[in-house]
Amino acid sequence: MLIDIDARGLACPRPVILTKEKLAETNKPFNVLVDNEAARENVSRFAKSRGCDVEVSDHENCFLIKIIPPSSSSETMETTKSASLNETKKSTVIFIKTDELGTGDKRLSDTLMKSFLFACTEIDDPPEKIVLMNTGVRLATENEDTVEHLKALEQKGVEIICCGTCLDFYGLGEKLKVGKIGNMYEILSLLIAADKILSI
Amino acid sequence: MGPCDLDELLSRMPQTAHPMLLSSMSGKEDAAIYKLRDDLVIIQTLDFFPPIVDSPRLYGNIAAANALSDIYAKGGRPLIALNIVAFPCEISLDILFEILIGGYEKVKEADALIVGGHTIDDEVPKYGLSVTGISRPDELMKIEGAKPGDIIILTKPLGTGILTTALKAGFQTEDEIKEAIDSMCRLNRNASEILKTSGVTACTDVTGFGLSGHMLELLKASNVSAEIWLKEIPVFEKALSLAEEGMLPAGLFRNRDYCAEFTHPEEEIDQILLDLFNDPQTSGGLLATIPEENAETALSRLKESDSPEAKAIGIVLDGPPGKMHLKGG
């Protein structure tokens, strides 16, 4: 479980202040972990008042609050619920399950993958997220060329999520150079929430 | 400390009883009332808390008005007060001076005297007063004595807990909550005088346990129930929207939990008004019960005086002690 804000042990209104700051800098979903009823209710109310969707789950005697900002540009984030715009941008997720693009000659497949990720950095409308699974995690660890492209994408605001189980399996956990680690639950949730998935 | 924790703690303390002691420990009195002579009682109170506004002078004003309020809630007249100060050595003494001047101003306004005090070094500043007042025994206002049919009156709007939380969070500035600050700075002196001469049957002041908690104490002590008209309760408008934005102080949840088993809201109740009902107050208004025939006159006198927001917010009923029926969605 990814925790973006750990607000355990903080008294109100601190958890709300942290949530407000986070919301000002991102329009992507994020998780807030709180350890008391007051913070759970206040953070949920605050997020809803800003037009976000809120999902609360129990998490080891604490509350995990998932905040899904209205899918709009960050400029509109400060406005209130009336501004939950429907002219939203489609959220596209690229789901990469291999370090080669297509099946064929290995050298060609490697080159194609490099060039695919490079192209992603060049297009006007990059995907919202890239999920790396199975040998796909090599693209964010061992493969220096693709690491560079993924870093460039991250700079542009693309969220890179690497499967934690896969990193462990290939012994690459220590070598992650870009993106963050996600578990199956989180990856599945974001795939389901996506408007469009490009599966590779 | 929340009301639940306090109950638990006090239940383990030996009970203080004395023929001359008119108040009791068990009722969570925040003032001791001691009979000196047949025609004279002494009232002793104590209250202090960390800053809730940025301006040290206003903080001093509010802390003093809040401490003096315990005397007024009993129908007493404050005579002398002692400062209680916790202050970090590394902060300029000019700030402390402003706080003390703020306290001095209010005590002077109350025609009482600050005669000294005690100061310690502490990380977080705290300020308050111990106040000594007097009253004639027959003029005392007590927390018990409400009768079925009495009208329940509240003299100040609710919402200071939410508004000061919003100030702390940077959601509001001191200027933006000026109305509430003015209210917290206002002495309950005139309201107390008016209630005393209106046949008041029970009275307390609304502070940290919120309207819910203090109402509960009053009803339990009087062995009665009440119907509360939520929509009639005076509130600071801004507190409503800030409650929706998650500016609820932690104490509000403690009060809500503490009163839950006594609180009976009708269906479709407005949740935000329920939040305000539980909002902990600083230097809140007086909560009093008055025979119905006197209520209208008392209210108009309060409004003409310095309690323009005073409202009738419910009626005392015969029923299980403490039970609160909340009406109005």
# chains A, B, ... in the order shown; residues from 1 in each chain; ligands from 1
call {"tool": "interface_residues", "arguments": {"of": "chain B", "to": "chain A", "cutoff": "12 Å", "atoms": "only C-alpha atoms", "output": "PyMOL selection string"}}
result
chain B and resi 161-171+241-257+272+275
call {"tool": "select_by_dssp", "arguments": {"residues": "segment 94-128 of chain B", "states": "helix (DSSP H, G or I)", "output": "VMD selection string"}}
result
chain B and resid 94 to 109
call {"tool": "residues_around", "arguments": {"residues": "Gly75 of chain B", "least_positions_apart": "4", "cutoff": "8 Å", "atoms": "only C-alpha atoms", "output": "list in words"}}
result
Ile71, Ser135, Glu139, Leu140, Met141, Ser192, Glu193 and Lys196 of chain B
call {"tool": "write_last_selection", "arguments": {"atoms": "N, CA and C atoms", "output": "CSV table (one decimal), in the first residue's frame"}}
result
chain,number,residue,atom,x,y,z
B,71,ILE,N,-17.5,32.9,37.2
B,71,ILE,CA,-18.1,33.6,38.3
B,71,ILE,C,-19.5,34.1,37.8
B,135,SER,N,-21.2,36.3,46.2
B,135,SER,CA,-22.6,36.4,45.9
B,135,SER,C,-23.4,36.3,47.2
B,139,GLU,N,-29.0,34.7,45.5
B,139,GLU,CA,-28.8,35.2,44.2
B,139,GLU,C,-27.9,34.2,43.3
B,140,LEU,N,-27.5,33.1,43.9
B,140,LEU,CA,-26.6,32.2,43.2
B,140,LEU,C,-27.4,31.5,42.1
B,141,MET,N,-26.7,31.4,40.9
B,141,MET,CA,-27.3,30.6,39.9
B,141,MET,C,-26.6,29.2,39.9
B,192,SER,N,-25.5,37.8,32.8
B,192,SER,CA,-25.7,37.2,34.1
B,192,SER,C,-26.6,38.0,34.9
B,193,GLU,N,-26.5,39.4,34.9
B,193,GLU,CA,-27.4,40.3,35.7
B,193,GLU,C,-28.8,40.1,35.3
B,196,LYS,N,-30.3,36.7,36.3
B,196,LYS,CA,-30.5,36.6,37.7
B,196,LYS,C,-31.8,37.3,38.1
call {"tool": "atom_distance", "arguments": {"atom1": "atom CA of Ile33 of chain B", "atom2": "atom CA of Arg136 of chain B"}}
result
11.1 Å
call {"tool": "residues_around", "arguments": {"residues": "Ser222 of chain B", "least_positions_apart": "3", "cutoff": "9 Å", "atoms": "only C-alpha atoms", "output": "CSV table (one decimal) with all heavy atoms, in the first residue's frame"}}
result
chain,number,residue,atom,x,y,z
B,143,ILE,N,-26.3,25.0,38.6
B,143,ILE,CA,-26.5,24.1,37.4
B,143,ILE,C,-27.7,23.2,37.5
B,143,ILE,O,-28.2,22.8,36.5
B,143,ILE,CB,-25.2,23.3,37.2
B,143,ILE,CG1,-25.2,22.7,35.8
B,143,ILE,CG2,-25.0,22.2,38.2
B,143,ILE,CD1,-23.9,22.3,35.3
B,144,GLU,N,-28.2,23.0,38.8
B,144,GLU,CA,-29.4,22.2,38.9
B,144,GLU,C,-30.6,23.1,39.2
B,144,GLU,O,-30.4,24.3,39.7
B,144,GLU,CB,-29.3,21.2,40.0
B,144,GLU,CG,-29.4,21.7,41.4
B,144,GLU,CD,-28.0,21.9,42.1
B,144,GLU,OE1,-27.0,21.9,41.4
B,144,GLU,OE2,-28.0,22.1,43.4
B,145,GLY,N,-31.8,22.7,38.9
B,145,GLY,CA,-33.0,23.4,39.2
B,145,GLY,C,-33.9,23.7,38.0
B,145,GLY,O,-35.0,24.3,38.2
B,146,ALA,N,-33.5,23.2,36.8
B,146,ALA,CA,-34.4,23.4,35.7
B,146,ALA,C,-35.7,22.6,35.8
B,146,ALA,O,-35.7,21.5,36.3
B,146,ALA,CB,-33.7,22.9,34.4
B,147,LYS,N,-36.8,23.2,35.5
B,147,LYS,CA,-38.1,22.6,35.7
B,147,LYS,C,-38.8,22.4,34.3
B,147,LYS,O,-38.6,23.2,33.4
B,147,LYS,CB,-39.1,23.5,36.5
B,147,LYS,CG,-38.5,23.9,37.8
B,147,LYS,CD,-38.9,22.9,38.9
B,147,LYS,CE,-38.4,23.3,40.3
B,147,LYS,NZ,-37.0,23.4,40.4
B,202,ALA,N,-31.9,27.5,36.3
B,202,ALA,CA,-30.6,26.8,36.3
B,202,ALA,C,-29.7,27.6,35.3
B,202,ALA,O,-30.2,28.2,34.3
B,202,ALA,CB,-30.7,25.4,35.9
B,217,GLU,N,-24.9,18.2,31.4
B,217,GLU,CA,-24.6,18.4,32.8
B,217,GLU,C,-25.8,19.1,33.5
B,217,GLU,O,-26.2,18.7,34.6
B,217,GLU,CB,-23.4,19.2,33.0
B,217,GLU,CG,-22.1,18.6,32.5
B,217,GLU,CD,-21.8,17.2,33.1
B,217,GLU,OE1,-22.0,17.1,34.3
B,217,GLU,OE2,-21.4,16.3,32.4
B,218,LEU,N,-26.3,20.1,32.9
B,218,LEU,CA,-27.4,20.9,33.5
B,218,LEU,C,-28.7,20.0,33.6
B,218,LEU,O,-29.3,20.0,34.6
B,218,LEU,CB,-27.7,22.1,32.6
B,218,LEU,CG,-28.7,23.1,33.1
B,218,LEU,CD1,-28.3,24.5,32.7
B,218,LEU,CD2,-30.1,22.8,32.7
B,219,LEU,N,-29.0,19.3,32.6
B,219,LEU,CA,-30.2,18.4,32.6
B,219,LEU,C,-30.1,17.3,33.6
B,219,LEU,O,-31.0,17.0,34.3
B,219,LEU,CB,-30.5,17.9,31.2
B,219,LEU,CG,-30.8,18.9,30.1
B,219,LEU,CD1,-30.9,18.2,28.7
B,219,LEU,CD2,-32.0,19.7,30.4
B,225,SER,N,-35.3,16.1,31.1
B,225,SER,CA,-34.9,16.0,29.7
B,225,SER,C,-35.1,17.3,29.0
B,225,SER,O,-35.6,18.3,29.7
B,225,SER,CB,-35.8,14.9,29.0
B,225,SER,OG,-35.7,13.7,29.6
B,321,PRO,N,-33.3,11.8,33.0
B,321,PRO,CA,-32.3,12.9,33.2
B,321,PRO,C,-31.2,12.9,32.1
B,321,PRO,O,-30.6,11.9,31.8
B,321,PRO,CB,-31.6,12.5,34.5
B,321,PRO,CG,-32.6,11.7,35.3
B,321,PRO,CD,-33.4,10.9,34.2
B,322,GLY,N,-31.1,14.0,31.5
B,322,GLY,CA,-30.1,14.2,30.5
B,322,GLY,C,-30.5,14.0,29.0
B,322,GLY,O,-29.8,14.3,28.1
call {"tool": "atom_distance", "arguments": {"atom1": "atom CA of Phe118 of chain A", "atom2": "atom CA of Leu23 of chain A"}}
result
29.4 Å
call {"tool": "closest_residue", "arguments": {"among": "B:Leu326, B:Leu299, B:Ala65, B:Ile228", "to": "Ser130 of chain B", "atoms": "only C-alpha atoms"}}
result
B:Ala65
call {"tool": "residues_around", "arguments": {"residues": "segment 51-55 of chain B", "least_positions_apart": "6", "cutoff": "9 Å", "atoms": "only C-alpha atoms", "output": "tab-separated table (two decimals) with N, CA, C and O atoms, in the first residue's frame"}}
result
chain	number	residue	atom	x	y	z
B	62	ILE	N	-9.39	37.25	25.83
B	62	ILE	CA	-10.26	36.07	25.77
B	62	ILE	C	-10.07	35.18	26.99
B	62	ILE	O	-11.04	34.72	27.60
B	63	ALA	N	-8.79	34.94	27.35
B	63	ALA	CA	-8.51	34.07	28.49
B	63	ALA	C	-9.13	34.64	29.77
B	63	ALA	O	-9.69	33.90	30.59
B	98	GLU	N	1.97	41.96	26.48
B	98	GLU	CA	0.71	42.17	25.76
B	98	GLU	C	-0.39	41.24	26.27
B	98	GLU	O	-1.54	41.64	26.42
B	99	ILE	N	-0.02	39.99	26.52
B	99	ILE	CA	-1.01	39.02	27.03
B	99	ILE	C	-1.55	39.50	28.38
B	99	ILE	O	-2.75	39.53	28.62
B	124	VAL	N	5.10	25.62	25.48
B	124	VAL	CA	3.91	26.23	24.88
B	124	VAL	C	3.31	27.23	25.87
B	124	VAL	O	3.06	26.87	27.02
B	125	PRO	N	3.11	28.47	25.43
B	125	PRO	CA	2.54	29.45	26.35
B	125	PRO	C	1.13	29.05	26.79
B	125	PRO	O	0.39	28.43	26.02
B	126	LYS	N	0.82	29.35	28.02
B	126	LYS	CA	-0.54	29.17	28.52
B	126	LYS	C	-0.84	30.37	29.41
B	126	LYS	O	0.05	30.87	30.08
B	127	TYR	N	-2.09	30.77	29.38
B	127	TYR	CA	-2.46	31.90	30.23
B	127	TYR	C	-3.89	31.73	30.72
B	127	TYR	O	-4.74	31.20	30.00
B	164	THR	N	-11.59	28.84	15.44
B	164	THR	CA	-10.19	28.96	15.86
B	164	THR	C	-9.34	27.82	15.28
B	164	THR	O	-8.15	27.99	15.06
B	165	THR	N	-9.98	26.68	14.99
B	165	THR	CA	-9.26	25.61	14.29
B	165	THR	C	-8.91	26.08	12.87
B	165	THR	O	-7.80	25.86	12.38
B	167	LEU	N	-8.50	29.11	11.96
B	167	LEU	CA	-7.45	30.13	12.09
B	167	LEU	C	-6.09	29.45	12.20
B	167	LEU	O	-5.12	29.82	11.54
B	168	LYS	N	-6.04	28.40	13.01
B	168	LYS	CA	-4.80	27.64	13.19
B	168	LYS	C	-4.34	27.02	11.87
B	168	LYS	O	-3.16	26.94	11.58
B	174	GLU	N	-7.39	36.34	11.32
B	174	GLU	CA	-7.98	36.89	12.52
B	174	GLU	C	-9.08	37.90	12.17
B	174	GLU	O	-10.12	37.95	12.83
B	181	ILE	N	-14.20	36.53	17.61
B	181	ILE	CA	-13.22	37.03	18.60
B	181	ILE	C	-13.89	38.07	19.50
B	181	ILE	O	-13.73	38.03	20.73
B	282	THR	N	-14.80	28.48	23.55
B	282	THR	CA	-13.97	29.24	24.48
B	282	THR	C	-14.74	30.51	24.79
B	282	THR	O	-15.25	31.16	23.87
call {"tool": "residues_around", "arguments": {"residues": "Val107 of chain B", "least_positions_apart": "3", "cutoff": "9 Å", "atoms": "only C-alpha atoms", "output": "list in words"}}
result
Asn61, Ala64, Ala65, Leu68, Pro78, Ile80, Ala81, Gly102, Gly103, Tyr104, Ala110, Asp111, Ala112, Leu113 and Ile114 of chain B
call {"tool": "select_by_dssp", "arguments": {"residues": "segment 161-318 of chain B", "states": "strand (DSSP E)", "output": "PyMOL selection string"}}
result
chain B and resi 202-205+225-229+263-265+286-290+311-317
call {"tool": "residues_around", "arguments": {"residues": "Tyr185 of chain A", "least_positions_apart": "6", "cutoff": "12 Å", "atoms": "only C-alpha atoms", "output": "list in words"}}
result
Met1, Leu2, Cys163, Gly164, Thr165, Leu191 and Ile192 of chain A
